[in-house]
file protein18.cif (mmCIF, C-alpha atoms, pLDDT in the B column; chains and numbers go by the auth columns)
data_structure
#
loop_
_atom_site.group_PDB
_atom_site.id
_atom_site.type_symbol
_atom_site.label_atom_id
_atom_site.label_comp_id
_atom_site.label_asym_id
_atom_site.label_seq_id
_atom_site.Cartn_x
_atom_site.Cartn_y
_atom_site.Cartn_z
_atom_site.B_iso_or_equiv
_atom_site.auth_seq_id
_atom_site.auth_asym_id
ATOM 1 C CA MET A 1 59.891 -60.566 -38.183 48.00 1203 A
ATOM 2 C CA THR A 2 56.221 -61.635 -38.584 47.00 1204 A
ATOM 3 C CA VAL A 3 54.687 -65.076 -37.996 42.00 1205 A
ATOM 4 C CA SER A 4 53.973 -65.466 -41.719 46.00 1206 A
ATOM 5 C CA THR A 5 57.632 -64.830 -42.471 49.00 1207 A
ATOM 6 C CA LEU A 6 58.694 -67.498 -40.008 45.00 1208 A
ATOM 7 C CA LEU A 7 56.293 -69.999 -41.565 43.00 1209 A
ATOM 8 C CA GLU A 8 57.592 -69.178 -45.026 52.00 1210 A
ATOM 9 C CA ILE A 9 61.160 -69.865 -43.909 49.00 1211 A
ATOM 10 C CA LEU A 10 60.129 -73.244 -42.506 44.00 1212 A
ATOM 11 C CA THR A 11 58.423 -74.340 -45.696 46.00 1213 A
ATOM 12 C CA LYS A 12 61.582 -73.640 -47.676 49.00 1214 A
ATOM 13 C CA ILE A 13 63.715 -76.001 -45.594 44.00 1215 A
ATOM 14 C CA SER A 14 64.599 -79.141 -47.556 43.00 1216 A
ATOM 15 C CA VAL A 15 63.098 -82.545 -46.669 40.00 1217 A
ATOM 16 C CA SER A 16 66.556 -84.033 -46.177 42.00 1218 A
ATOM 17 C CA MET A 17 67.346 -81.510 -43.420 44.00 1219 A
ATOM 18 C CA ILE A 18 64.031 -82.080 -41.694 40.00 1220 A
ATOM 19 C CA CYS A 19 64.758 -85.798 -41.547 41.00 1221 A
ATOM 20 C CA ASN A 20 67.602 -84.994 -39.202 48.00 1222 A
ATOM 21 C CA ARG A 21 65.910 -85.438 -35.811 46.00 1223 A
ATOM 22 C CA LYS A 22 68.391 -83.295 -33.890 45.00 1224 A
ATOM 23 C CA PHE A 23 67.996 -80.439 -36.345 43.00 1225 A
ATOM 24 C CA VAL A 24 64.207 -80.641 -36.136 43.00 1226 A
ATOM 25 C CA LEU A 25 64.270 -80.340 -32.345 43.00 1227 A
ATOM 26 C CA THR A 26 66.653 -77.363 -32.485 44.00 1228 A
ATOM 27 C CA LEU A 27 64.586 -75.649 -35.149 43.00 1229 A
ATOM 28 C CA SER A 28 61.352 -76.227 -33.257 45.00 1230 A
ATOM 29 C CA THR A 29 62.812 -74.708 -30.122 43.00 1231 A
ATOM 30 C CA ALA A 30 64.047 -71.672 -32.042 45.00 1232 A
ATOM 31 C CA PHE A 31 60.622 -71.218 -33.612 44.00 1233 A
ATOM 32 C CA ILE A 32 58.884 -71.279 -30.236 40.00 1234 A
ATOM 33 C CA VAL A 33 61.293 -68.682 -28.825 42.00 1235 A
ATOM 34 C CA LEU A 34 60.897 -66.382 -31.833 46.00 1236 A
ATOM 35 C CA PHE A 35 57.116 -66.729 -31.845 40.00 1237 A
ATOM 36 C CA THR A 36 56.884 -65.962 -28.128 43.00 1238 A
ATOM 37 C CA SER A 37 59.111 -62.891 -28.521 48.00 1239 A
ATOM 38 C CA PHE A 38 57.019 -61.696 -31.453 44.00 1240 A
ATOM 39 C CA PHE A 39 53.772 -62.166 -29.528 41.00 1241 A
ATOM 40 C CA ASN A 40 55.038 -60.314 -26.433 48.00 1242 A
ATOM 41 C CA ALA A 41 56.401 -57.451 -28.536 46.00 1243 A
ATOM 42 C CA SER A 42 53.098 -57.138 -30.384 43.00 1244 A
ATOM 43 C CA MET A 43 51.117 -57.026 -27.160 43.00 1245 A
ATOM 44 C CA ALA A 44 53.460 -54.379 -25.754 47.00 1246 A
ATOM 45 C CA GLU A 45 52.960 -52.224 -28.833 42.00 1247 A
ATOM 46 C CA ILE A 46 49.190 -52.627 -28.569 34.00 1248 A
ATOM 47 C CA LYS A 47 49.222 -51.557 -24.924 38.00 1249 A
ATOM 48 C CA LYS A 48 51.557 -48.645 -25.628 41.00 1250 A
ATOM 49 C CA GLY A 49 49.455 -47.503 -28.550 36.00 1251 A
ATOM 50 C CA GLY A 50 46.314 -47.756 -26.486 37.00 1252 A
ATOM 51 C CA LEU A 51 47.767 -45.608 -23.716 42.00 1253 A
ATOM 52 C CA GLU A 52 49.006 -42.990 -26.129 44.00 1254 A
ATOM 53 C CA TYR A 53 45.676 -43.015 -27.948 41.00 1255 A
ATOM 54 C CA HIS A 54 43.639 -42.403 -24.797 51.00 1256 A
ATOM 55 C CA GLU A 55 46.060 -39.714 -23.595 54.00 1257 A
ATOM 56 C CA ASP A 56 45.877 -37.876 -26.909 56.00 1258 A
ATOM 57 C CA ARG A 57 42.100 -37.848 -26.696 62.00 1259 A
ATOM 58 C CA PHE A 58 42.174 -35.836 -23.468 75.00 1260 A
ATOM 59 C CA ASP A 59 42.236 -32.063 -23.894 80.00 1261 A
ATOM 60 C CA PHE A 60 44.679 -30.954 -21.194 86.00 1262 A
ATOM 61 C CA SER A 61 44.369 -27.345 -22.347 84.00 1263 A
ATOM 62 C CA ALA A 62 40.867 -27.302 -20.845 87.00 1264 A
ATOM 63 C CA LEU A 63 42.276 -27.771 -17.336 92.00 1265 A
ATOM 64 C CA ASP A 64 42.121 -24.927 -14.830 94.00 1266 A
ATOM 65 C CA THR A 65 45.871 -24.558 -14.214 95.00 1267 A
ATOM 66 C CA LYS A 66 45.418 -21.804 -11.630 96.00 1268 A
ATOM 67 C CA GLU A 67 43.155 -23.984 -9.515 97.00 1269 A
ATOM 68 C CA LEU A 68 45.479 -26.977 -9.902 96.00 1270 A
ATOM 69 C CA THR A 69 48.490 -24.883 -8.892 97.00 1271 A
ATOM 70 C CA TYR A 70 46.574 -23.554 -5.893 98.00 1272 A
ATOM 71 C CA GLU A 71 45.659 -27.087 -4.803 97.00 1273 A
ATOM 72 C CA GLY A 72 49.213 -28.270 -5.450 97.00 1274 A
ATOM 73 C CA ASN A 73 50.574 -25.522 -3.191 98.00 1275 A
ATOM 74 C CA ILE A 74 48.155 -26.431 -0.410 98.00 1276 A
ATOM 75 C CA TYR A 75 49.222 -30.088 -0.484 97.00 1277 A
ATOM 76 C CA PHE A 76 52.886 -29.083 -0.799 98.00 1278 A
ATOM 77 C CA ASN A 77 52.677 -26.942 2.348 98.00 1279 A
ATOM 78 C CA GLN A 78 50.770 -29.687 4.145 97.00 1280 A
ATOM 79 C CA ALA A 79 53.605 -32.089 3.332 97.00 1281 A
ATOM 80 C CA LEU A 80 56.205 -29.654 4.669 97.00 1282 A
ATOM 81 C CA ALA A 81 54.276 -29.244 7.929 97.00 1283 A
ATOM 82 C CA ALA A 82 53.441 -32.930 8.372 96.00 1284 A
ATOM 83 C CA GLN A 83 55.225 -34.864 11.110 94.00 1285 A
ATOM 84 C CA GLN A 84 54.049 -38.356 10.176 96.00 1286 A
ATOM 85 C CA LYS A 85 55.788 -39.953 7.193 94.00 1287 A
ATOM 86 C CA THR A 86 52.589 -41.441 5.774 96.00 1288 A
ATOM 87 C CA VAL A 87 50.793 -38.085 5.892 97.00 1289 A
ATOM 88 C CA LYS A 88 53.792 -36.327 4.335 96.00 1290 A
ATOM 89 C CA LYS A 89 54.071 -38.906 1.564 95.00 1291 A
ATOM 90 C CA GLU A 90 50.357 -38.728 0.721 97.00 1292 A
ATOM 91 C CA ALA A 91 50.400 -34.917 0.624 97.00 1293 A
ATOM 92 C CA PHE A 92 53.469 -34.888 -1.634 97.00 1294 A
ATOM 93 C CA GLU A 93 51.810 -37.354 -4.015 97.00 1295 A
ATOM 94 C CA LYS A 94 48.671 -35.202 -4.215 96.00 1296 A
ATOM 95 C CA ALA A 95 50.797 -32.113 -4.857 97.00 1297 A
ATOM 96 C CA LEU A 96 52.758 -33.951 -7.560 97.00 1298 A
ATOM 97 C CA SER A 97 49.577 -35.018 -9.350 96.00 1299 A
ATOM 98 C CA ARG A 98 48.338 -31.397 -9.476 96.00 1300 A
ATOM 99 C CA TYR A 99 51.632 -29.957 -10.688 97.00 1301 A
ATOM 100 C CA TYR A 100 51.972 -32.744 -13.245 96.00 1302 A
ATOM 101 C CA LEU A 101 48.586 -31.929 -14.764 96.00 1303 A
ATOM 102 C CA VAL A 102 49.619 -28.270 -14.967 96.00 1304 A
ATOM 103 C CA THR A 103 52.696 -29.266 -16.991 96.00 1305 A
ATOM 104 C CA LYS A 104 50.515 -31.355 -19.308 95.00 1306 A
ATOM 105 C CA ALA A 105 48.343 -28.321 -19.979 95.00 1307 A
ATOM 106 C CA ASN A 106 51.390 -26.060 -20.274 96.00 1308 A
ATOM 107 C CA PRO A 107 54.746 -27.863 -20.745 95.00 1309 A
ATOM 108 C CA LYS A 108 56.574 -24.564 -20.140 96.00 1310 A
ATOM 109 C CA ASP A 109 55.023 -23.767 -16.775 97.00 1311 A
ATOM 110 C CA VAL A 110 58.303 -23.178 -14.944 98.00 1312 A
ATOM 111 C CA TYR A 111 56.724 -22.824 -11.524 98.00 1313 A
ATOM 112 C CA ALA A 112 54.993 -26.214 -11.670 98.00 1314 A
ATOM 113 C CA ILE A 113 58.128 -27.888 -13.055 98.00 1315 A
ATOM 114 C CA THR A 114 60.220 -26.385 -10.252 98.00 1316 A
ATOM 115 C CA GLN A 115 57.725 -27.524 -7.635 98.00 1317 A
ATOM 116 C CA ILE A 116 57.945 -31.064 -8.999 97.00 1318 A
ATOM 117 C CA ALA A 117 61.736 -30.803 -8.758 98.00 1319 A
ATOM 118 C CA ARG A 118 61.484 -29.572 -5.158 98.00 1320 A
ATOM 119 C CA ILE A 119 59.289 -32.515 -4.167 97.00 1321 A
ATOM 120 C CA HIS A 120 61.737 -35.008 -5.657 97.00 1322 A
ATOM 121 C CA ASP A 121 64.522 -33.059 -3.941 97.00 1323 A
ATOM 122 C CA LEU A 122 62.816 -33.322 -0.545 96.00 1324 A
ATOM 123 C CA LYS A 123 62.163 -37.020 -1.142 95.00 1325 A
ATOM 124 C CA LYS A 124 65.895 -37.422 -1.844 94.00 1326 A
ATOM 125 C CA GLU A 125 65.229 -38.583 -5.376 96.00 1327 A
ATOM 126 C CA ASP A 126 68.240 -36.763 -6.790 96.00 1328 A
ATOM 127 C CA LYS A 127 68.015 -38.081 -10.343 96.00 1329 A
ATOM 128 C CA TYR A 128 64.456 -36.854 -10.885 97.00 1330 A
ATOM 129 C CA ALA A 129 65.044 -33.624 -8.984 97.00 1331 A
ATOM 130 C CA LYS A 130 67.966 -32.662 -11.242 97.00 1332 A
ATOM 131 C CA GLN A 131 66.006 -33.678 -14.307 97.00 1333 A
ATOM 132 C CA TYR A 132 63.166 -31.270 -13.488 98.00 1334 A
ATOM 133 C CA TYR A 133 65.458 -28.497 -12.233 98.00 1335 A
ATOM 134 C CA PHE A 134 67.370 -28.580 -15.511 98.00 1336 A
ATOM 135 C CA ARG A 135 64.093 -28.674 -17.466 98.00 1337 A
ATOM 136 C CA ALA A 136 62.909 -25.509 -15.704 98.00 1338 A
ATOM 137 C CA PHE A 137 66.336 -23.870 -15.990 98.00 1339 A
ATOM 138 C CA ASN A 138 66.482 -24.524 -19.750 98.00 1340 A
ATOM 139 C CA ILE A 139 63.108 -22.812 -20.198 98.00 1341 A
ATOM 140 C CA GLU A 140 63.921 -19.778 -18.027 98.00 1342 A
ATOM 141 C CA PRO A 141 67.674 -19.607 -17.286 98.00 1343 A
ATOM 142 C CA LYS A 142 67.320 -16.336 -15.342 97.00 1344 A
ATOM 143 C CA SER A 143 64.311 -17.268 -13.222 97.00 1345 A
ATOM 144 C CA PRO A 144 65.145 -16.368 -9.588 97.00 1346 A
ATOM 145 C CA HIS A 145 62.689 -18.981 -8.285 97.00 1347 A
ATOM 146 C CA VAL A 146 64.263 -21.773 -10.353 98.00 1348 A
ATOM 147 C CA ASN A 147 67.838 -20.790 -9.583 98.00 1349 A
ATOM 148 C CA TYR A 148 67.304 -20.257 -5.864 98.00 1350 A
ATOM 149 C CA HIS A 149 65.872 -23.747 -5.413 98.00 1351 A
ATOM 150 C CA PHE A 150 68.388 -25.292 -7.805 98.00 1352 A
ATOM 151 C CA GLY A 151 71.047 -23.668 -5.638 98.00 1353 A
ATOM 152 C CA GLU A 152 69.387 -25.164 -2.560 98.00 1354 A
ATOM 153 C CA PHE A 153 69.597 -28.598 -4.174 98.00 1355 A
ATOM 154 C CA TYR A 154 73.373 -28.290 -4.535 98.00 1356 A
ATOM 155 C CA PHE A 155 73.883 -26.527 -1.193 98.00 1357 A
ATOM 156 C CA LYS A 156 72.229 -29.351 0.750 96.00 1358 A
ATOM 157 C CA ARG A 157 74.537 -31.805 -0.981 96.00 1359 A
ATOM 158 C CA ASP A 158 77.612 -29.702 -0.150 96.00 1360 A
ATOM 159 C CA LYS A 159 78.322 -28.880 -3.796 97.00 1361 A
ATOM 160 C CA LEU A 160 78.957 -25.258 -2.946 97.00 1362 A
ATOM 161 C CA GLU A 161 80.523 -24.045 -6.197 97.00 1363 A
ATOM 162 C CA LYS A 162 77.469 -25.149 -8.175 98.00 1364 A
ATOM 163 C CA ALA A 163 75.146 -23.772 -5.516 98.00 1365 A
ATOM 164 C CA VAL A 164 76.798 -20.333 -5.725 98.00 1366 A
ATOM 165 C CA ILE A 165 76.364 -20.233 -9.519 98.00 1367 A
ATOM 166 C CA HIS A 166 72.585 -20.570 -9.220 98.00 1368 A
ATOM 167 C CA TYR A 167 72.347 -18.391 -6.111 98.00 1369 A
ATOM 168 C CA ILE A 168 74.105 -15.534 -7.924 98.00 1370 A
ATOM 169 C CA ILE A 169 71.720 -15.802 -10.882 98.00 1371 A
ATOM 170 C CA ALA A 170 68.770 -15.598 -8.474 98.00 1372 A
ATOM 171 C CA TYR A 171 70.446 -12.690 -6.676 98.00 1373 A
ATOM 172 C CA GLN A 172 70.981 -10.746 -9.902 97.00 1374 A
ATOM 173 C CA ASN A 173 67.404 -11.259 -11.062 98.00 1375 A
ATOM 174 C CA GLY A 174 65.288 -9.981 -8.197 96.00 1376 A
ATOM 175 C CA TYR A 175 66.287 -11.879 -5.046 97.00 1377 A
ATOM 176 C CA GLU A 176 68.968 -9.462 -3.825 96.00 1378 A
ATOM 177 C CA LYS A 177 66.896 -8.596 -0.732 95.00 1379 A
ATOM 178 C CA ASN A 178 66.016 -12.187 0.060 97.00 1380 A
ATOM 179 C CA TYR A 179 67.306 -12.836 3.580 96.00 1381 A
ATOM 180 C CA ASN A 180 67.714 -16.604 3.156 96.00 1382 A
ATOM 181 C CA LEU A 181 69.587 -16.205 -0.117 97.00 1383 A
ATOM 182 C CA ASN A 182 72.056 -13.729 1.398 97.00 1384 A
ATOM 183 C CA CYS A 183 72.632 -16.110 4.300 96.00 1385 A
ATOM 184 C CA ARG A 184 73.199 -19.015 1.917 97.00 1386 A
ATOM 185 C CA LEU A 185 75.715 -17.032 -0.128 97.00 1387 A
ATOM 186 C CA ALA A 186 77.494 -15.901 3.024 96.00 1388 A
ATOM 187 C CA ILE A 187 77.738 -19.441 4.380 96.00 1389 A
ATOM 188 C CA ALA A 188 78.816 -20.876 1.023 97.00 1390 A
ATOM 189 C CA TYR A 189 81.617 -18.322 0.570 96.00 1391 A
ATOM 190 C CA ASP A 190 82.567 -18.760 4.221 95.00 1392 A
ATOM 191 C CA LYS A 191 83.024 -22.510 3.733 95.00 1393 A
ATOM 192 C CA LEU A 192 84.853 -21.959 0.444 95.00 1394 A
ATOM 193 C CA GLY A 193 87.336 -19.686 2.216 92.00 1395 A
ATOM 194 C CA ASP A 194 86.372 -16.418 0.518 94.00 1396 A
ATOM 195 C CA LEU A 195 85.806 -14.445 3.701 93.00 1397 A
ATOM 196 C CA LYS A 196 85.642 -11.112 1.907 93.00 1398 A
ATOM 197 C CA LYS A 197 82.531 -12.136 -0.037 95.00 1399 A
ATOM 198 C CA ALA A 198 81.189 -14.003 2.974 95.00 1400 A
ATOM 199 C CA LYS A 199 81.390 -10.804 5.032 94.00 1401 A
ATOM 200 C CA GLN A 200 79.637 -8.876 2.263 96.00 1402 A
ATOM 201 C CA TYR A 201 76.610 -11.165 2.253 97.00 1403 A
ATOM 202 C CA TYR A 202 76.541 -11.527 6.045 95.00 1404 A
ATOM 203 C CA GLN A 203 76.298 -7.735 6.276 95.00 1405 A
ATOM 204 C CA ILE A 204 73.466 -7.579 3.753 96.00 1406 A
ATOM 205 C CA ALA A 205 71.602 -10.357 5.575 95.00 1407 A
ATOM 206 C CA LEU A 206 72.060 -8.510 8.860 94.00 1408 A
ATOM 207 C CA SER A 207 70.736 -5.290 7.339 94.00 1409 A
ATOM 208 C CA ILE A 208 67.587 -7.179 6.302 94.00 1410 A
ATOM 209 C CA ASN A 209 67.191 -8.889 9.669 93.00 1411 A
ATOM 210 C CA PRO A 210 69.170 -6.971 12.354 91.00 1412 A
ATOM 211 C CA GLN A 211 68.044 -9.290 15.161 89.00 1413 A
ATOM 212 C CA GLN A 212 70.199 -12.221 14.061 88.00 1414 A
ATOM 213 C CA SER A 213 72.836 -12.530 16.781 90.00 1415 A
ATOM 214 C CA ALA A 214 74.488 -15.509 15.082 91.00 1416 A
ATOM 215 C CA ILE A 215 75.365 -13.367 12.066 92.00 1417 A
ATOM 216 C CA LYS A 216 76.728 -10.600 14.290 91.00 1418 A
ATOM 217 C CA SER A 217 78.921 -13.120 16.063 92.00 1419 A
ATOM 218 C CA ARG A 218 80.261 -14.555 12.809 92.00 1420 A
ATOM 219 C CA LEU A 219 81.033 -11.069 11.455 91.00 1421 A
ATOM 220 C CA GLU A 220 83.017 -10.245 14.585 91.00 1422 A
ATOM 221 C CA LYS A 221 85.072 -13.414 14.175 91.00 1423 A
ATOM 222 C CA ILE A 222 85.758 -12.670 10.517 91.00 1424 A
ATOM 223 C CA ASN A 223 86.860 -9.109 11.326 88.00 1425 A
ATOM 224 C CA ASN A 224 89.245 -10.400 13.991 88.00 1426 A
ATOM 225 C CA LEU A 225 90.917 -12.782 11.528 83.00 1427 A
ATOM 226 C CA ASN A 226 92.625 -9.976 9.563 68.00 1428 A
ATOM 227 C CA TYR A 227 91.711 -12.037 6.506 61.00 1429 A
ATOM 228 C CA GLU A 228 92.551 -9.378 3.915 63.00 1430 A
ATOM 229 C CA ASN A 229 96.264 -9.842 4.639 57.00 1431 A
ATOM 230 C CA SER A 230 96.097 -13.617 4.279 52.00 1432 A
ATOM 231 C CA GLU A 231 97.814 -15.488 1.429 51.00 1433 A
ATOM 232 C CA TYR A 232 94.405 -16.152 -0.138 47.00 1434 A
ATOM 233 C CA TYR A 233 93.821 -12.455 -0.893 49.00 1435 A
ATOM 234 C CA GLN A 234 97.444 -11.434 -1.352 42.00 1436 A
ATOM 235 C CA GLY A 235 97.769 -14.027 -4.100 44.00 1437 A
ATOM 236 C CA ALA A 236 94.641 -12.740 -5.814 46.00 1438 A
ATOM 237 C CA LYS A 237 96.022 -9.235 -6.178 45.00 1439 A
#
call {"tool": "encode", "arguments": {"input": "protein18.cif", "output": "structure tokens"}}
result
Amino acid sequence: MTVSTLLEILTKISVSMICNRKFVLTLSTAFIVLFTSFFNASMAEIKKGGLEYHEDRFDFSALDTKELTYEGNIYFNQALAAQQKTVKKEAFEKALSRYYLVTKANPKDVYAITQIARIHDLKKEDKYAKQYYFRAFNIEPKSPHVNYHFGEFYFKRDKLEKAVIHYIIAYQNGYEKNYNLNCRLAIAYDKLGDLKKAKQYYQIALSINPQQSAIKSRLEKINNLNYENSEYYQGAK
């Protein structure tokens, strides 16, 4: 509703109604409220339009995405290595700004989107992390990089079934010799009670890194459990 419309409505009110003092006060109050709302809404639209206008004028395609990604990775690694919270926070923010600009230049840059998700993940901002993980996943559903880190997101939150789904996709698309992924799958299946699959991935992880005594110890314990004759596996046959 515009100001001119409000004024037009007022002029059409009969003189007899305006003579009612109580009605006049009520009407005046309503007019002030409506006018204020209209003014604030108009200003908001002006500001919004101005922001969109200036953003549209910038040619993001002219950005050097390789350089921005390189800088983003440097700041990301600095944040991971930082001990002080203030230093870590500042490095993450610098990394975010670089990756964000990459996504403005190329909205389908899965790597940059995933890195943004990882930063939100590490900052425990679950809502935004999931939002960006799903965005990357919807662009490249079979990306091993996306799925491995999406799996990590769920694994750290003890949502093992969902973690395994993404880990398996990563595994089947190039990460089958990734030591950390095999360990994650082994641990996830171990906790879920599927010791047969847990043993399988523990063995693969051990073949990649034979020096891991913790894995050897866990394999020995699994073998001593005689798990294949348990109700879990007998019922599956």
call {"tool": "resolve_selection", "arguments": {"input": "protein18.cif", "expression": "the PyMOL selection byres ((chain A and resi 1371) around 9)", "output": "list in words"}}
result
Pro1343, Lys1344, Ser1345, Pro1346, Asn1349, Tyr1350, Val1366, Ile1367, His1368, Tyr1369, Ile1370, Ala1372, Tyr1373, Gln1374, Asn1375 and Tyr1377 of chain A
call {"tool": "axis_aligned_box", "arguments": {"input": "protein18.cif", "around": "stretch 1383-1400 of chain A", "padding_each_side": "4 Å", "output": "JSON"}}
result
{"center_x": 78.5, "center_y": -16.8, "center_z": 2.1, "size_x": 25.7, "size_y": 19.4, "size_z": 12.5}
call {"tool": "closest_atom_pairs", "arguments": {"input": "protein18.cif", "of": "stretch 1321-1364 of chain A", "to": "stretch 1283-1298 of chain A", "cutoff": "10 Å", "atoms": "all atoms listed in the file", "output": "Markdown table"}}
result
| residue | atom | partner | partner_atom | distance |
| --- | --- | --- | --- | --- |
| A:Ile1321 | CA | A:Phe1294 | CA | 6.8 |
| A:His1322 | CA | A:Phe1294 | CA | 9.2 |
| A:Leu1324 | CA | A:Phe1294 | CA | 9.5 |
| A:Lys1325 | CA | A:Lys1291 | CA | 8.7 |
call {"tool": "resolve_selection", "arguments": {"input": "protein18.cif", "expression": "the PyMOL selection byres ((chain A and resi 1319) around 9)", "output": "PyMOL selection string"}}
result
chain A and resi 1314-1318+1320-1324+1330-1335+1338+1351-1352
call {"tool": "resolve_selection", "arguments": {"input": "protein18.cif", "expression": "the PyMOL selection byres ((chain A and resi 1261-1267) around 12)", "output": "CSV table (one decimal) with C-alpha atoms, keeping the file's coordinate frame"}}
result
chain,number,residue,atom,x,y,z
A,1256,HIS,CA,43.6,-42.4,-24.8
A,1257,GLU,CA,46.1,-39.7,-23.6
A,1258,ASP,CA,45.9,-37.9,-26.9
A,1259,ARG,CA,42.1,-37.8,-26.7
A,1260,PHE,CA,42.2,-35.8,-23.5
A,1268,LYS,CA,45.4,-21.8,-11.6
A,1269,GLU,CA,43.2,-24.0,-9.5
A,1270,LEU,CA,45.5,-27.0,-9.9
A,1271,THR,CA,48.5,-24.9,-8.9
A,1272,TYR,CA,46.6,-23.6,-5.9
A,1273,GLU,CA,45.7,-27.1,-4.8
A,1274,GLY,CA,49.2,-28.3,-5.4
A,1300,ARG,CA,48.3,-31.4,-9.5
A,1301,TYR,CA,51.6,-30.0,-10.7
A,1302,TYR,CA,52.0,-32.7,-13.2
A,1303,LEU,CA,48.6,-31.9,-14.8
A,1304,VAL,CA,49.6,-28.3,-15.0
A,1305,THR,CA,52.7,-29.3,-17.0
A,1306,LYS,CA,50.5,-31.4,-19.3
A,1307,ALA,CA,48.3,-28.3,-20.0
A,1308,ASN,CA,51.4,-26.1,-20.3
A,1309,PRO,CA,54.7,-27.9,-20.7
A,1311,ASP,CA,55.0,-23.8,-16.8
A,1313,TYR,CA,56.7,-22.8,-11.5
A,1314,ALA,CA,55.0,-26.2,-11.7
call {"tool": "atom_distance", "arguments": {"input": "protein18.cif", "atom1": "atom CA of A:Leu1421", "atom2": "atom CA of A:Ala1390"}}
result
14.5 Å
call {"tool": "atom_distance", "arguments": {"input": "protein18.cif", "atom1": "atom CA of A:Asp1360", "atom2": "atom CA of A:Leu1383"}}
result
15.7 Å
call {"tool": "atom_distance", "arguments": {"input": "protein18.cif", "atom1": "atom CA of A:Lys1329", "atom2": "atom CA of A:Cys1385"}}
result
26.8 Å
call {"tool": "closest_residue", "arguments": {"input": "protein18.cif", "among": "A:Ala1416, A:Leu1282, A:Ile1424, A:Val1348", "to": "A:Asp1396", "atoms": "all atoms listed in the file"}}
result
A:Ile1424
call {"tool": "residues_around", "arguments": {"input": "protein18.cif", "residues": "A:Ile1389", "least_positions_apart": "4", "cutoff": "12 Å", "atoms": "all atoms listed in the file", "output": "PyMOL selection string"}}
result
chain A and resi 1357-1358+1360+1362-1363+1365-1366+1369+1382-1385+1393-1405+1407+1416-1417+1420-1421
call {"tool": "closest_residue", "arguments": {"input": "protein18.cif", "among": "A:Ser1299, A:His1347, A:Ile1341, A:Arg1359", "to": "A:Asp1328", "atoms": "all atoms listed in the file"}}
result
A:Arg1359
